[in-house]
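data_8.txt (compact mmCIF, C-alpha atoms and all ligand atoms) appears below.
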# COMPACT_ATOMS: atom_id res chain seq x y z
CA MET A 24 33.14 -4.07 -22.44
CA ASN A 25 32.10 -3.16 -18.92
CA ILE A 26 28.31 -3.38 -18.97
CA ALA A 27 28.08 -1.92 -15.44
CA VAL A 28 29.01 1.61 -16.55
CA PRO A 29 25.90 3.85 -16.64
CA THR A 30 24.25 4.13 -20.04
CA ILE A 31 22.69 7.30 -21.43
CA ASP A 32 19.16 7.27 -22.78
CA ARG A 33 19.47 8.66 -26.32
CA LEU A 34 16.04 10.33 -26.27
CA THR A 35 16.36 12.18 -22.96
CA GLY A 36 20.13 12.50 -22.74
CA ARG A 37 19.81 11.30 -19.14
CA PRO A 38 21.17 8.11 -17.58
CA ALA A 39 18.89 5.19 -18.45
CA PRO A 40 17.26 4.05 -15.19
CA LEU A 41 18.07 0.72 -13.61
CA ILE A 42 15.30 -1.78 -14.29
CA ASP A 43 14.62 -4.56 -11.80
CA PRO A 44 13.56 -8.11 -12.78
CA PHE A 45 9.89 -7.12 -12.43
CA ALA A 46 10.28 -4.28 -14.95
CA ARG A 47 10.18 -1.54 -12.28
CA ALA A 48 12.46 1.42 -13.07
CA ILE A 49 14.58 2.33 -10.06
CA THR A 50 14.52 6.10 -9.80
CA TYR A 51 14.19 6.58 -6.03
CA LEU A 52 16.92 5.80 -3.51
CA ARG A 53 16.51 5.87 0.25
CA VAL A 54 19.69 5.83 2.21
CA SER A 55 19.91 5.11 5.89
CA VAL A 56 22.80 7.28 7.07
CA THR A 57 22.82 5.98 10.64
CA ASP A 58 20.99 3.38 12.72
CA ARG A 59 21.24 5.60 15.84
CA CYS A 60 18.55 7.88 17.15
CA ASP A 61 17.81 10.32 19.94
CA PHE A 62 14.35 8.72 20.40
CA ARG A 63 13.35 5.14 21.21
CA CYS A 64 9.87 4.87 19.65
CA VAL A 65 8.12 1.83 21.08
CA TYR A 66 7.20 0.38 17.66
CA CYS A 67 10.66 0.93 16.21
CA MET A 68 13.27 0.18 18.86
CA SER A 69 13.63 -1.56 22.17
CA GLU A 70 14.75 0.60 25.07
CA HIS A 71 18.22 -0.90 25.11
CA MET A 72 19.37 -1.12 21.52
CA SER A 73 22.73 -2.32 20.35
CA PHE A 74 23.86 -0.38 17.31
CA LEU A 75 26.11 -1.31 14.43
CA PRO A 76 29.83 -0.82 15.09
CA LYS A 77 30.91 2.59 13.74
CA ALA A 78 33.32 0.89 11.29
CA ASP A 79 30.35 -0.84 9.63
CA LEU A 80 28.69 2.47 8.79
CA LEU A 81 29.63 4.14 5.55
CA THR A 82 31.57 7.37 6.07
CA LEU A 83 29.99 10.58 4.81
CA GLU A 84 32.40 10.51 1.85
CA GLU A 85 31.40 6.92 1.05
CA LEU A 86 27.73 7.84 1.31
CA ASP A 87 28.29 10.68 -1.13
CA ARG A 88 30.08 8.34 -3.54
CA LEU A 89 27.37 5.72 -3.26
CA CYS A 90 24.53 8.20 -3.82
CA THR A 91 26.43 9.75 -6.71
CA ALA A 92 26.85 6.31 -8.31
CA PHE A 93 23.08 5.75 -8.10
CA VAL A 94 22.45 9.22 -9.56
CA ALA A 95 24.80 8.31 -12.43
CA LYS A 96 22.62 5.24 -12.91
CA GLY A 97 19.40 7.18 -13.23
CA VAL A 98 18.15 7.75 -9.66
CA ARG A 99 16.24 11.06 -9.68
CA LYS A 100 15.08 11.26 -6.07
CA LEU A 101 17.18 10.76 -2.98
CA ARG A 102 15.88 10.51 0.59
CA LEU A 103 18.19 10.43 3.59
CA THR A 104 16.75 8.58 6.55
CA GLY A 105 17.85 6.41 9.45
CA GLY A 106 17.70 6.01 12.51
CA GLU A 107 17.60 9.75 12.89
CA PRO A 108 19.57 11.18 9.96
CA LEU A 109 19.97 14.61 11.55
CA VAL A 110 21.85 13.24 14.60
CA ARG A 111 24.65 11.87 12.43
CA ARG A 112 27.69 14.05 13.10
CA GLY A 113 28.58 16.24 10.11
CA ILE A 114 25.43 15.31 8.21
CA MET A 115 25.09 18.80 6.72
CA THR A 116 28.29 18.21 4.74
CA LEU A 117 26.53 15.31 3.01
CA PHE A 118 23.51 17.48 2.14
CA SER A 119 25.92 20.16 0.99
CA SER A 120 27.87 17.83 -1.30
CA LEU A 121 24.78 16.07 -2.68
CA SER A 122 23.19 19.42 -3.51
CA ARG A 123 25.56 19.66 -6.51
CA HIS A 124 23.39 17.05 -8.26
CA LEU A 125 20.36 19.32 -7.85
CA GLN A 126 22.34 22.19 -9.34
CA THR A 127 23.38 20.16 -12.39
CA GLY A 128 19.83 18.85 -12.83
CA ALA A 129 20.98 15.23 -12.43
CA LEU A 130 18.70 14.94 -9.40
CA ASP A 131 15.10 16.16 -9.14
CA GLU A 132 14.75 15.96 -5.39
CA LEU A 133 16.88 15.67 -2.27
CA THR A 134 14.84 15.05 0.85
CA VAL A 135 14.88 13.67 4.37
CA THR A 136 12.69 11.80 6.83
CA THR A 137 13.23 13.02 10.38
CA ASN A 138 11.75 12.90 13.85
CA GLY A 139 12.03 16.70 13.87
CA SER A 140 14.15 17.00 16.99
CA GLN A 141 17.03 18.77 15.21
CA LEU A 142 15.03 20.97 12.84
CA VAL A 143 15.37 24.16 14.86
CA LYS A 144 19.09 23.81 14.26
CA TYR A 145 19.08 22.61 10.65
CA ALA A 146 15.89 23.67 8.82
CA ALA A 147 17.30 26.82 7.22
CA GLU A 148 20.51 25.06 6.23
CA LEU A 149 18.56 22.21 4.60
CA LYS A 150 16.58 24.71 2.58
CA GLY A 151 19.86 26.36 1.56
CA TYR A 152 21.09 23.02 0.16
CA GLY A 153 18.07 22.74 -2.09
CA VAL A 154 15.85 20.55 0.08
CA GLU A 155 12.27 21.60 -0.66
CA ARG A 156 10.14 19.03 1.16
CA ILE A 157 10.71 16.98 4.29
CA ASN A 158 8.80 14.27 6.14
CA VAL A 159 8.44 14.66 9.89
CA SER A 160 7.21 11.75 11.99
CA LEU A 161 4.74 12.66 14.70
CA ASP A 162 2.20 10.23 16.16
CA THR A 163 0.46 12.37 18.76
CA LEU A 164 -0.05 15.99 19.85
CA ASP A 165 -0.33 15.06 23.51
CA PRO A 166 2.99 15.70 25.32
CA ASP A 167 2.58 12.78 27.74
CA LYS A 168 1.63 10.33 25.02
CA PHE A 169 4.49 11.67 22.91
CA ARG A 170 6.92 10.91 25.72
CA ALA A 171 5.36 7.45 26.18
CA ILE A 172 5.61 6.61 22.45
CA THR A 173 9.11 8.02 21.82
CA ARG A 174 10.39 7.22 25.36
CA TRP A 175 13.04 9.98 25.08
CA GLY A 176 11.40 12.63 22.92
CA ASP A 177 10.08 16.10 23.78
CA LEU A 178 6.98 17.20 21.86
CA LYS A 179 7.76 20.91 22.32
CA GLN A 180 11.12 20.49 20.61
CA VAL A 181 9.54 18.71 17.63
CA LEU A 182 6.76 21.29 17.28
CA ALA A 183 9.37 24.05 17.38
CA GLY A 184 11.25 22.13 14.69
CA ILE A 185 8.15 22.01 12.49
CA ASP A 186 7.68 25.77 13.01
CA ALA A 187 11.30 26.33 12.01
CA ALA A 188 10.92 24.16 8.91
CA GLN A 189 7.85 26.01 7.73
CA ALA A 190 9.44 29.37 8.52
CA ALA A 191 12.44 28.34 6.39
CA GLY A 192 10.07 27.62 3.50
CA LEU A 193 10.27 23.82 3.64
CA LYS A 194 7.13 21.93 2.71
CA VAL A 195 6.39 19.52 5.56
CA LYS A 196 4.52 16.22 5.37
CA ILE A 197 3.62 14.53 8.63
CA ASN A 198 3.87 10.75 9.06
CA ALA A 199 1.88 9.19 11.89
CA VAL A 200 1.92 5.49 12.80
CA ALA A 201 -1.53 4.29 13.89
CA LEU A 202 -1.24 2.62 17.28
CA LYS A 203 -4.06 0.68 18.85
CA GLY A 204 -5.28 2.20 22.11
CA VAL A 205 -2.65 4.97 21.91
CA ASN A 206 -3.45 7.51 19.21
CA GLU A 207 -6.41 5.88 17.49
CA THR A 208 -8.96 8.34 18.89
CA GLU A 209 -6.67 11.30 18.15
CA LEU A 210 -6.10 10.76 14.45
CA ALA A 211 -8.99 13.01 13.38
CA ASP A 212 -7.50 15.87 15.44
CA ILE A 213 -4.13 15.25 13.82
CA VAL A 214 -5.79 15.49 10.38
CA ASN A 215 -7.28 18.87 11.35
CA TRP A 216 -4.01 20.09 12.85
CA ALA A 217 -1.79 19.04 9.93
CA HIS A 218 -4.15 20.28 7.23
CA GLY A 219 -4.78 23.47 9.19
CA ARG A 220 -1.07 24.20 8.86
CA GLY A 221 -0.92 23.32 5.18
CA MET A 222 0.80 19.97 5.74
CA ASP A 223 -0.14 16.66 4.10
CA LEU A 224 -0.56 13.75 6.49
CA THR A 225 0.22 10.09 5.94
CA ILE A 226 -0.99 7.44 8.35
CA ILE A 227 1.13 4.28 8.51
CA GLU A 228 0.30 0.76 9.63
CA VAL A 229 2.74 -0.81 12.11
CA MET A 230 5.12 -3.23 10.40
CA PRO A 231 6.72 -6.23 12.13
CA LEU A 232 10.35 -5.12 11.92
CA GLY A 233 12.87 -5.91 14.65
CA ASP A 234 12.45 -7.24 18.15
CA ILE A 235 11.09 -4.34 20.16
CA GLY A 236 10.64 -6.25 23.40
CA ASP A 237 6.90 -5.62 23.18
CA ASP A 238 3.76 -7.20 21.79
CA ARG A 239 3.17 -6.29 18.13
CA LEU A 240 -0.40 -7.47 18.14
CA ALA A 241 -1.16 -5.03 20.95
CA GLN A 242 0.07 -2.14 18.74
CA TYR A 243 -1.43 -3.22 15.44
CA LEU A 244 -4.39 -1.25 14.17
CA PRO A 245 -5.50 -2.06 10.63
CA LEU A 246 -5.82 1.10 8.56
CA SER A 247 -9.08 -0.19 7.09
CA MET A 248 -10.54 0.51 10.56
CA VAL A 249 -8.79 3.87 10.86
CA ARG A 250 -10.09 4.93 7.47
CA ALA A 251 -13.64 3.80 8.23
CA ARG A 252 -13.61 5.78 11.48
CA LEU A 253 -12.17 8.90 9.89
CA ALA A 254 -14.78 8.62 7.14
CA GLU A 255 -17.46 9.20 9.83
CA ARG A 256 -15.94 12.66 10.44
CA PHE A 257 -14.63 13.60 6.99
CA SER A 258 -15.59 13.13 3.35
CA PHE A 259 -12.87 11.60 1.23
CA GLU A 260 -12.37 12.07 -2.44
CA ASP A 261 -10.06 9.57 -4.17
CA ILE A 262 -7.29 11.38 -6.01
CA ASP A 263 -4.56 10.23 -8.31
CA TYR A 264 -1.77 11.92 -6.36
CA LYS A 265 1.47 9.94 -6.42
CA THR A 266 4.75 10.75 -4.72
CA GLY A 267 6.61 7.67 -5.93
CA GLY A 268 6.02 6.24 -2.46
CA PRO A 269 3.60 3.55 -1.30
CA ALA A 270 0.89 5.87 0.08
CA ARG A 271 -2.60 5.99 -1.43
CA TYR A 272 -4.00 9.47 -1.10
CA VAL A 273 -7.43 10.99 -0.66
CA GLN A 274 -8.44 14.62 -0.54
CA VAL A 275 -10.30 15.58 2.63
CA LYS A 276 -13.23 17.79 1.62
CA GLU A 277 -13.64 19.58 4.95
CA THR A 278 -9.96 20.58 5.28
CA GLY A 279 -8.87 20.72 1.64
CA GLY A 280 -5.74 18.75 2.62
CA ARG A 281 -4.32 15.46 1.41
CA LEU A 282 -4.37 12.32 3.53
CA GLY A 283 -2.29 9.25 2.64
CA PHE A 284 -2.57 5.69 3.89
CA ILE A 285 0.40 3.33 3.90
CA THR A 286 -0.92 -0.16 4.41
CA PRO A 287 1.84 -2.75 4.16
CA MET A 288 -0.23 -5.26 6.10
CA THR A 289 -3.73 -4.95 4.68
CA HIS A 290 -2.63 -4.12 1.11
CA ASN A 291 0.71 -5.08 -0.29
CA PHE A 292 2.16 -1.99 -2.00
CA CYS A 293 5.19 -3.58 -3.61
CA GLU A 294 3.97 -3.97 -7.17
CA SER A 295 4.60 -0.34 -8.06
CA CYS A 296 7.73 0.15 -5.94
CA ASN A 297 10.35 2.28 -7.73
CA ARG A 298 12.71 2.63 -4.82
CA VAL A 299 15.76 0.87 -3.54
CA ARG A 300 17.37 1.03 -0.16
CA ILE A 301 20.80 -0.08 0.90
CA TYR A 302 18.79 -3.04 2.09
CA MET A 303 17.06 -3.98 -1.12
CA CYS A 304 13.56 -4.29 0.30
CA LEU A 305 12.22 -3.40 3.70
CA GLY A 306 10.78 -6.88 4.17
CA GLN A 307 13.53 -9.17 2.88
CA GLU A 308 16.86 -10.10 4.49
CA ASP A 309 19.06 -10.40 1.38
CA ALA A 310 21.06 -7.20 1.79
CA ALA A 311 23.31 -5.96 -0.97
CA ASP A 312 26.89 -5.43 0.13
CA LEU A 313 27.89 -2.15 -1.44
CA ARG A 314 30.44 -1.31 1.22
CA SER A 315 33.06 -3.81 0.02
CA PRO A 316 33.19 -2.51 -3.57
CA LEU A 317 33.26 1.06 -2.22
CA ARG A 318 36.25 0.26 -0.03
CA ALA A 319 37.98 -2.08 -2.47
CA SER A 320 38.88 0.52 -5.04
CA GLU A 321 38.76 4.22 -5.79
CA SER A 322 37.36 3.55 -9.22
CA ASN A 323 33.60 3.02 -9.41
CA ASP A 324 33.65 -0.01 -11.74
CA ARG A 325 33.15 -2.58 -8.98
CA LEU A 326 30.54 -0.40 -7.32
CA TYR A 327 28.53 -0.08 -10.54
CA ALA A 328 28.73 -3.83 -11.06
CA ALA A 329 27.58 -4.47 -7.48
CA ILE A 330 24.64 -2.06 -7.92
CA ASP A 331 23.58 -3.80 -11.14
CA GLU A 332 23.85 -7.18 -9.49
CA ALA A 333 21.91 -6.01 -6.44
CA ILE A 334 19.07 -4.72 -8.62
CA THR A 335 18.74 -8.11 -10.30
CA ARG A 336 17.97 -9.46 -6.81
CA LYS A 337 15.38 -6.83 -5.82
CA PRO A 338 12.55 -8.99 -4.52
CA LYS A 339 9.06 -8.78 -5.92
CA GLY A 340 7.52 -7.90 -2.56
CA HIS A 341 7.53 -8.49 1.15
CA ASP A 342 5.57 -10.98 3.16
CA PHE A 343 4.77 -9.31 6.46
CA VAL A 344 2.12 -10.93 8.62
CA ILE A 345 1.02 -9.96 12.11
CA ASP A 346 -1.36 -12.31 13.82
CA ARG A 347 -1.38 -14.51 16.88
CA ARG A 348 0.72 -17.17 15.19
CA HIS A 349 3.33 -14.61 14.11
CA GLN A 350 4.38 -12.84 17.26
CA ARG A 351 8.04 -12.84 16.33
CA PRO A 352 9.27 -10.10 14.01
CA ALA A 353 9.09 -11.04 10.33
CA LEU A 354 12.57 -9.56 10.07
CA SER A 355 15.18 -9.26 12.78
CA ARG A 356 16.35 -5.93 11.33
CA HIS A 357 14.73 -2.85 12.88
CA MET A 358 13.25 -0.10 10.70
CA SER A 359 15.93 2.19 12.13
CA VAL A 360 18.63 0.11 10.41
CA THR A 361 16.82 -0.20 7.09
CA GLY A 362 15.66 3.39 6.98
CA GLY A 363 11.92 3.99 6.94
C1 LIG A 401 12.58 4.52 10.93
S1 LIG A 401 12.06 6.22 10.90
C2 LIG A 401 13.56 7.00 10.36
C3 LIG A 401 13.51 8.49 10.22
C4 LIG A 401 13.26 9.30 11.48
N1 LIG A 401 13.93 8.84 12.63
C5 LIG A 401 11.76 9.38 11.72
O1 LIG A 401 11.29 8.85 12.74
O2 LIG A 401 11.10 9.97 10.86
C6 LIG A 401 11.04 6.41 9.46
C7 LIG A 401 9.58 6.13 9.63
O3 LIG A 401 9.40 4.76 9.94
C8 LIG A 401 8.32 4.65 10.83
N2 LIG A 401 8.44 3.36 11.52
C9 LIG A 401 9.43 2.93 12.32
N3 LIG A 401 9.20 1.67 12.75
C10 LIG A 401 8.04 1.28 12.18
C11 LIG A 401 7.26 0.09 12.22
N4 LIG A 401 7.63 -0.97 12.92
N5 LIG A 401 6.10 0.08 11.51
C12 LIG A 401 5.71 1.15 10.78
N6 LIG A 401 6.40 2.30 10.70
C13 LIG A 401 7.54 2.36 11.40
C14 LIG A 401 8.48 5.85 11.72
O4 LIG A 401 7.28 6.22 12.34
C15 LIG A 401 8.92 6.91 10.74
O5 LIG A 401 7.81 7.60 10.20
S1 LIG A 402 10.87 5.93 14.35
FE1 LIG A 402 12.54 7.34 13.87
S2 LIG A 402 12.55 8.60 15.74
FE2 LIG A 402 11.47 6.81 16.32
S3 LIG A 402 13.04 5.44 17.18
FE3 LIG A 402 12.76 4.91 15.00
S4 LIG A 402 14.35 6.02 14.01
FE4 LIG A 402 14.08 6.99 16.00
Written form, structure tokens:
Amino acid sequence: MNIAVPTIDRLTGRPAPLIDPFARAITYLRVSVTDRCDFRCVYCMSEHMSFLPKADLLTLEELDRLCTAFVAKGVRKLRLTGGEPLVRRGIMTLFSSLSRHLQTGALDELTVTTNGSQLVKYAAELKGYGVERINVSLDTLDPDKFRAITRWGDLKQVLAGIDAAQAAGLKVKINAVALKGVNETELADIVNWAHGRGMDLTIIEVMPLGDIGDDRLAQYLPLSMVRARLAERFSFEDIDYKTGGPARYVQVKETGGRLGFITPMTHNFCESCNRVRIYMCLGQEDAADLRSPLRASESNDRLYAAIDEAITRKPKGHDFVIDRRHQRPALSRHMSVTGG
């Protein structure tokens, strides 16, 4: 008997979810579709990055097969990320093919995390493929600061992309990384701006991923401080809103919007993690090789077995630390390779 073949839950008639060694059901898959990007954010990449050889990347067909195998094994939510997923050539064909799983009801949600630069071009098409909500990363509303943070980005283009997304009927959530001395005094304005446009906002602590040729400690701003400062301007109400992600949300009384905090450094969020990535955990190096079984055979048996085996190795949590004794990255892999 091949125990790797997906099993069906008799009560729901759906594939039984993968369960990791810490009893967490794996229902959320994030897939990094490229490590390349049209920006060079200072906390994410160094200015001169070397990227993976093209042959190491999964083709769009392989990505479809991989995602489909995870859906067959009970994944209900799929997020494409990167690098910048929307700069991968032909990426709309992947959204198009994956949308069949939304139509059959095998998948609840297909979504994307993007820097927004390509949304003018793609927002309406994404909506057409069944994408309902997207995350757009934006750390400042000041054009000069935006250029300084992203090195190559143009704020106007991203804001136009957000307009296009909302006009297409996509629900937009903004992600902002809190950066010491850069956007820390601006975060309250970003709360007002995002909530004023009906967008949730999540503030993220800088994580020590990849050598960025810069000083991590200089960037690091604990969210406990950010939250305390924002609490001087706004009243927060704790809410039990969960997206399956690591953010803890509050409702902001003055704006009526939701504000999330992702605090990998000050609070470890791994205990409730229901997601897998091609790299099994953001903060651990033991990557699962799913490319070999994909390329070894047209049948999915080896792929299913490799997925099962990879899940048995999903680590309990990460161990990121940033302090003066830990100036080197905790992981050599950049977030743009793992997929944030
Ligand atoms: C790696 S990006 C990939 C998707 C897309 N390019 C974007 O920027 O949204 C995903 C998220 O990771 C965040 N990120 C990247 N490097 C990070 C780091 N070292 N610490 C915390 N967040 C980081 C980005 O701000 C972004 O919100
Ligand atoms: S955070 Fe996103 S947009 Fe910025 S460099 Fe990394 S992958 Fe590119």
Residues within 9 Å of Ala211 in chain A, all atoms listed in the file, excluding chain neighbours under 2 positions, as a PyMOL selection string:
chain A and resi 207-209+213-216+252-253+256-257
What are the nearest atom pairs, with distances in Å to one decimal, for all residues of chain A that come at most 7 Å from ligand LIG 402 (chain A), using all atoms listed in the file, set out by chain and rising residue number as a tab-separated table?
residue	atom	partner	partner_atom	distance
A:Cys60	CA	A:LIG402	FE4	4.7
A:Asp61	CA	A:LIG402	FE4	6.4
A:Phe62	CA	A:LIG402	FE4	4.7
A:Arg63	CA	A:LIG402	S3	4.1
A:Cys64	CA	A:LIG402	S3	4.1
A:Cys67	CA	A:LIG402	FE3	4.7
A:Met68	CA	A:LIG402	S3	5.5
A:Gly105	CA	A:LIG402	S4	5.8
A:Gly106	CA	A:LIG402	S4	3.7
A:Glu107	CA	A:LIG402	S4	5.1
A:Thr137	CA	A:LIG402	FE1	6.7
A:Asn138	CA	A:LIG402	S2	4.8
A:Thr173	CA	A:LIG402	FE2	6.1
A:Met358	CA	A:LIG402	FE3	6.6
A:Ser359	CA	A:LIG402	S4	4.5
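If you measure from each of A:Gly184, A:Pro316, A:Gly153, A:Gly176 to Gln141 in chain A using only C-alpha atoms, the closest one turns out to be A:Gly184.
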Min atom-atom distance to Phe259 in chain A from the set A:Ser247, A:Thr91, A:Asn158, A:Thr278, counting only C-alpha atoms, belongs to A:Thr278
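What separates CA of Arg220 in chain A from CA of Thr286 in chain A is a distance of 24.8 Å.
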